[in-house]
Amino acid sequence: MVKAYAQEHIYKHPWERVTSASWRKFADPENKRTLSHILEVDTLNRKLDPLSGKLYTTRALTIHAPGPWFVRKIIGQDICHCVESTVVDAQSKSMQLATRNVSLQKFIEVEEKIRYDPHPDNPTGWTICRQETSIRIKPLSALASMAEKVEQRCAERFMQNSVKGREVMERICKYLEAESSGMAL
């Protein structure tokens, strides 16, 4: 049993600004309160392919484990380690992120994919963000109704956190816009 959802968001900012904000999202101390589920982010690898011009980055994320408190109690752990792989193609103006958990895999599998591209209606001024998330609770598969409820709660928490993430991205984009025009916020 898998709970999956997809959402789109339009940033009324150019692709370059939005992707810059994406890199700063976890580093800005002002965002720590909003993104309190993110405990730590470490860059493991960064490589620029000289032939294609693509940037490949791998980061480790430590987060509060998703799901209701009783599930965290059952598994005996309230943190989860994830790996985020990012590919930035500046030539075609595409940024793709794929994040999946590497701990707690015998209990839960979560995969999130995010893609930032210039918006087709305003490619120089707006950016479209497409996000897909899938959540699968494993040991509860025999108890389908329980698994479905836990997956639903996890999905609700992920959607709440994605709203917070978009708020942070908007705030950083506005800061970058002000910074580029020489204004202070």
# chains A, B, ... in the order shown; residues from 1 in each chain; ligands from 1
$ select_by_dssp --residues "region 44-164 of chain A" --states "alpha helix (DSSP H)" --output "PyMOL selection string"
chain A and resi 69-75+144-164
$ write_last_selection --atoms "C-alpha atoms" --output "mmCIF file, in the first residue's frame"
data_model
loop_
_atom_site.group_PDB
_atom_site.id
_atom_site.type_symbol
_atom_site.label_atom_id
_atom_site.label_comp_id
_atom_site.auth_asym_id
_atom_site.auth_seq_id
_atom_site.Cartn_x
_atom_site.Cartn_y
_atom_site.Cartn_z
ATOM 1 C CA TRP A 69 4.035 9.954 17.678
ATOM 2 C CA PHE A 70 2.841 6.399 18.367
ATOM 3 C CA VAL A 71 4.635 5.111 15.252
ATOM 4 C CA ARG A 72 7.863 6.784 16.384
ATOM 5 C CA LYS A 73 7.317 5.144 19.786
ATOM 6 C CA ILE A 74 6.869 1.693 18.196
ATOM 7 C CA ILE A 75 10.029 1.964 16.084
ATOM 8 C CA ALA A 144 -4.256 -2.448 5.445
ATOM 9 C CA SER A 145 -6.599 -0.034 7.213
ATOM 10 C CA MET A 146 -3.978 0.824 9.869
ATOM 11 C CA ALA A 147 -1.285 1.257 7.221
ATOM 12 C CA GLU A 148 -3.578 3.526 5.225
ATOM 13 C CA LYS A 149 -4.241 5.736 8.263
ATOM 14 C CA VAL A 150 -0.548 6.014 9.129
ATOM 15 C CA GLU A 151 0.354 6.772 5.501
ATOM 16 C CA GLN A 152 -2.360 9.436 5.436
ATOM 17 C CA ARG A 153 -0.973 11.072 8.608
ATOM 18 C CA CYS A 154 2.542 10.985 7.141
ATOM 19 C CA ALA A 155 1.278 12.519 3.899
ATOM 20 C CA GLU A 156 -0.508 15.271 5.831
ATOM 21 C CA ARG A 157 2.707 16.098 7.691
ATOM 22 C CA PHE A 158 4.718 16.124 4.442
ATOM 23 C CA MET A 159 2.173 18.476 2.846
ATOM 24 C CA GLN A 160 2.330 20.790 5.890
ATOM 25 C CA ASN A 161 6.131 20.787 5.697
ATOM 26 C CA SER A 162 6.077 21.476 1.950
ATOM 27 C CA VAL A 163 3.921 24.564 2.609
ATOM 28 C CA LYS A 164 6.529 25.718 5.133
#
$ residues_around --residues "Asn122 (chain A)" --least-positions-apart "2" --cutoff "12 Å" --atoms "only C-alpha atoms" --output "PyMOL selection string"
chain A and resi 10-15+117-120+124-128
$ residues_around --residues "Arg130 (chain A)" --least-positions-apart "4" --cutoff "10 Å" --atoms "only C-alpha atoms" --output "ChimeraX atom specification"
/A:6-10,96,113-117
$ select_by_dssp --residues "region 3-184 of chain A" --states "strand (DSSP E)" --output "number ranges by chain"
A: 3-11, 38-48, 54-64, 79-89, 94-101, 108-119, 122-137
$ residues_around --residues "Val168 (chain A)" --least-positions-apart "3" --cutoff "7 Å" --atoms "only C-alpha atoms" --output "PyMOL selection string"
chain A and resi 25+31+164-165+171-172
$ residues_around --residues "region 80-92 of chain A" --least-positions-apart "6" --cutoff "12 Å" --atoms "only C-alpha atoms" --output "ChimeraX atom specification"
/A:15-16,19-20,22-23,37-67,72,98-105,107-118,123
$ atom_distance --atom1 "CA of Gln131 (chain A)" --atom2 "CA of Lys174 (chain A)"
21.5 Å
$ atom_distance --atom1 "CA of Val2 (chain A)" --atom2 "CA of Glu167 (chain A)"
27.4 Å
$ decode --residues "region 92-116 of chain A" --atoms "N, CA, C and O atoms" --output "PDB file, in the first residue's frame"
ATOM      1  N   SER A  92      19.777  24.034 -19.772  1.00  0.00           N
ATOM      2  CA  SER A  92      18.352  23.869 -20.068  1.00  0.00           C
ATOM      3  C   SER A  92      17.470  24.432 -18.957  1.00  0.00           C
ATOM      4  O   SER A  92      16.249  24.319 -19.019  1.00  0.00           O
ATOM      5  N   LYS A  93      18.091  25.028 -17.939  1.00  0.00           N
ATOM      6  CA  LYS A  93      17.386  25.612 -16.791  1.00  0.00           C
ATOM      7  C   LYS A  93      16.445  24.591 -16.152  1.00  0.00           C
ATOM      8  O   LYS A  93      15.228  24.763 -16.125  1.00  0.00           O
ATOM      9  N   SER A  94      17.050  23.552 -15.617  1.00  0.00           N
ATOM     10  CA  SER A  94      16.294  22.526 -14.919  1.00  0.00           C
ATOM     11  C   SER A  94      17.058  22.150 -13.655  1.00  0.00           C
ATOM     12  O   SER A  94      18.277  21.991 -13.687  1.00  0.00           O
ATOM     13  N   MET A  95      16.340  22.051 -12.547  1.00  0.00           N
ATOM     14  CA  MET A  95      16.918  21.574 -11.290  1.00  0.00           C
ATOM     15  C   MET A  95      16.009  20.468 -10.782  1.00  0.00           C
ATOM     16  O   MET A  95      14.809  20.677 -10.624  1.00  0.00           O
ATOM     17  N   GLN A  96      16.603  19.292 -10.556  1.00  0.00           N
ATOM     18  CA  GLN A  96      15.840  18.144 -10.099  1.00  0.00           C
ATOM     19  C   GLN A  96      16.438  17.630  -8.795  1.00  0.00           C
ATOM     20  O   GLN A  96      17.646  17.420  -8.711  1.00  0.00           O
ATOM     21  N   LEU A  97      15.578  17.429  -7.804  1.00  0.00           N
ATOM     22  CA  LEU A  97      16.001  16.882  -6.519  1.00  0.00           C
ATOM     23  C   LEU A  97      15.232  15.595  -6.266  1.00  0.00           C
ATOM     24  O   LEU A  97      14.032  15.545  -6.517  1.00  0.00           O
ATOM     25  N   ALA A  98      15.928  14.584  -5.768  1.00  0.00           N
ATOM     26  CA  ALA A  98      15.286  13.330  -5.364  1.00  0.00           C
ATOM     27  C   ALA A  98      15.792  13.013  -3.963  1.00  0.00           C
ATOM     28  O   ALA A  98      16.995  12.946  -3.732  1.00  0.00           O
ATOM     29  N   THR A  99      14.857  12.844  -3.031  1.00  0.00           N
ATOM     30  CA  THR A  99      15.213  12.575  -1.644  1.00  0.00           C
ATOM     31  C   THR A  99      14.522  11.296  -1.208  1.00  0.00           C
ATOM     32  O   THR A  99      13.344  11.091  -1.502  1.00  0.00           O
ATOM     33  N   ARG A 100      15.282  10.432  -0.519  1.00  0.00           N
ATOM     34  CA  ARG A 100      14.700   9.209   0.025  1.00  0.00           C
ATOM     35  C   ARG A 100      15.361   8.884   1.348  1.00  0.00           C
ATOM     36  O   ARG A 100      16.510   9.239   1.567  1.00  0.00           O
ATOM     37  N   ASN A 101      14.588   8.231   2.203  1.00  0.00           N
ATOM     38  CA  ASN A 101      15.141   7.871   3.495  1.00  0.00           C
ATOM     39  C   ASN A 101      16.089   6.677   3.352  1.00  0.00           C
ATOM     40  O   ASN A 101      15.860   5.787   2.540  1.00  0.00           O
ATOM     41  N   VAL A 102      17.163   6.691   4.157  1.00  0.00           N
ATOM     42  CA  VAL A 102      18.101   5.565   4.195  1.00  0.00           C
ATOM     43  C   VAL A 102      18.047   4.859   5.543  1.00  0.00           C
ATOM     44  O   VAL A 102      18.545   3.755   5.677  1.00  0.00           O
ATOM     45  N   SER A 103      17.455   5.493   6.531  1.00  0.00           N
ATOM     46  CA  SER A 103      17.213   4.808   7.803  1.00  0.00           C
ATOM     47  C   SER A 103      15.718   4.539   7.913  1.00  0.00           C
ATOM     48  O   SER A 103      14.921   5.088   7.152  1.00  0.00           O
ATOM     49  N   LEU A 104      15.352   3.670   8.800  1.00  0.00           N
ATOM     50  CA  LEU A 104      13.956   3.284   9.048  1.00  0.00           C
ATOM     51  C   LEU A 104      13.316   2.595   7.853  1.00  0.00           C
ATOM     52  O   LEU A 104      12.098   2.492   7.776  1.00  0.00           O
ATOM     53  N   GLN A 105      14.135   2.099   6.905  1.00  0.00           N
ATOM     54  CA  GLN A 105      13.575   1.513   5.683  1.00  0.00           C
ATOM     55  C   GLN A 105      12.767   0.246   5.924  1.00  0.00           C
ATOM     56  O   GLN A 105      11.917  -0.088   5.115  1.00  0.00           O
ATOM     57  N   LYS A 106      13.022  -0.452   7.026  1.00  0.00           N
ATOM     58  CA  LYS A 106      12.199  -1.644   7.254  1.00  0.00           C
ATOM     59  C   LYS A 106      10.806  -1.269   7.773  1.00  0.00           C
ATOM     60  O   LYS A 106       9.919  -2.090   7.825  1.00  0.00           O
ATOM     61  N   PHE A 107      10.621   0.007   8.141  1.00  0.00           N
ATOM     62  CA  PHE A 107       9.331   0.480   8.620  1.00  0.00           C
ATOM     63  C   PHE A 107       8.609   1.359   7.600  1.00  0.00           C
ATOM     64  O   PHE A 107       7.399   1.274   7.445  1.00  0.00           O
ATOM     65  N   ILE A 108       9.375   2.245   6.965  1.00  0.00           N
ATOM     66  CA  ILE A 108       8.754   3.239   6.078  1.00  0.00           C
ATOM     67  C   ILE A 108       9.700   3.549   4.920  1.00  0.00           C
ATOM     68  O   ILE A 108      10.921   3.584   5.091  1.00  0.00           O
ATOM     69  N   GLU A 109       9.122   3.741   3.751  1.00  0.00           N
ATOM     70  CA  GLU A 109       9.880   4.212   2.585  1.00  0.00           C
ATOM     71  C   GLU A 109       9.231   5.505   2.115  1.00  0.00           C
ATOM     72  O   GLU A 109       8.031   5.540   1.861  1.00  0.00           O
ATOM     73  N   VAL A 110      10.044   6.542   2.029  1.00  0.00           N
ATOM     74  CA  VAL A 110       9.557   7.835   1.561  1.00  0.00           C
ATOM     75  C   VAL A 110      10.462   8.288   0.426  1.00  0.00           C
ATOM     76  O   VAL A 110      11.688   8.237   0.538  1.00  0.00           O
ATOM     77  N   GLU A 111       9.845   8.704  -0.658  1.00  0.00           N
ATOM     78  CA  GLU A 111      10.602   9.258  -1.775  1.00  0.00           C
ATOM     79  C   GLU A 111       9.930  10.553  -2.210  1.00  0.00           C
ATOM     80  O   GLU A 111       8.709  10.593  -2.394  1.00  0.00           O
ATOM     81  N   GLU A 112      10.734  11.587  -2.337  1.00  0.00           N
ATOM     82  CA  GLU A 112      10.227  12.889  -2.766  1.00  0.00           C
ATOM     83  C   GLU A 112      11.044  13.337  -3.969  1.00  0.00           C
ATOM     84  O   GLU A 112      12.268  13.250  -3.959  1.00  0.00           O
ATOM     85  N   LYS A 113      10.355  13.792  -4.991  1.00  0.00           N
ATOM     86  CA  LYS A 113      11.010  14.338  -6.183  1.00  0.00           C
ATOM     87  C   LYS A 113      10.492  15.754  -6.391  1.00  0.00           C
ATOM     88  O   LYS A 113       9.286  15.988  -6.357  1.00  0.00           O
ATOM     89  N   ILE A 114      11.422  16.678  -6.599  1.00  0.00           N
ATOM     90  CA  ILE A 114      11.072  18.073  -6.852  1.00  0.00           C
ATOM     91  C   ILE A 114      11.800  18.505  -8.115  1.00  0.00           C
ATOM     92  O   ILE A 114      12.971  18.173  -8.308  1.00  0.00           O
ATOM     93  N   ARG A 115      11.100  19.248  -8.942  1.00  0.00           N
ATOM     94  CA  ARG A 115      11.703  19.747 -10.179  1.00  0.00           C
ATOM     95  C   ARG A 115      11.336  21.217 -10.341  1.00  0.00           C
ATOM     96  O   ARG A 115      10.172  21.593 -10.201  1.00  0.00           O
ATOM     97  N   TYR A 116      12.356  22.034 -10.624  1.00  0.00           N
ATOM     98  CA  TYR A 116      12.165  23.464 -10.888  1.00  0.00           C
ATOM     99  C   TYR A 116      12.504  23.726 -12.350  1.00  0.00           C
ATOM    100  O   TYR A 116      13.590  23.387 -12.817  1.00  0.00           O
TER     101      TYR A 116
END
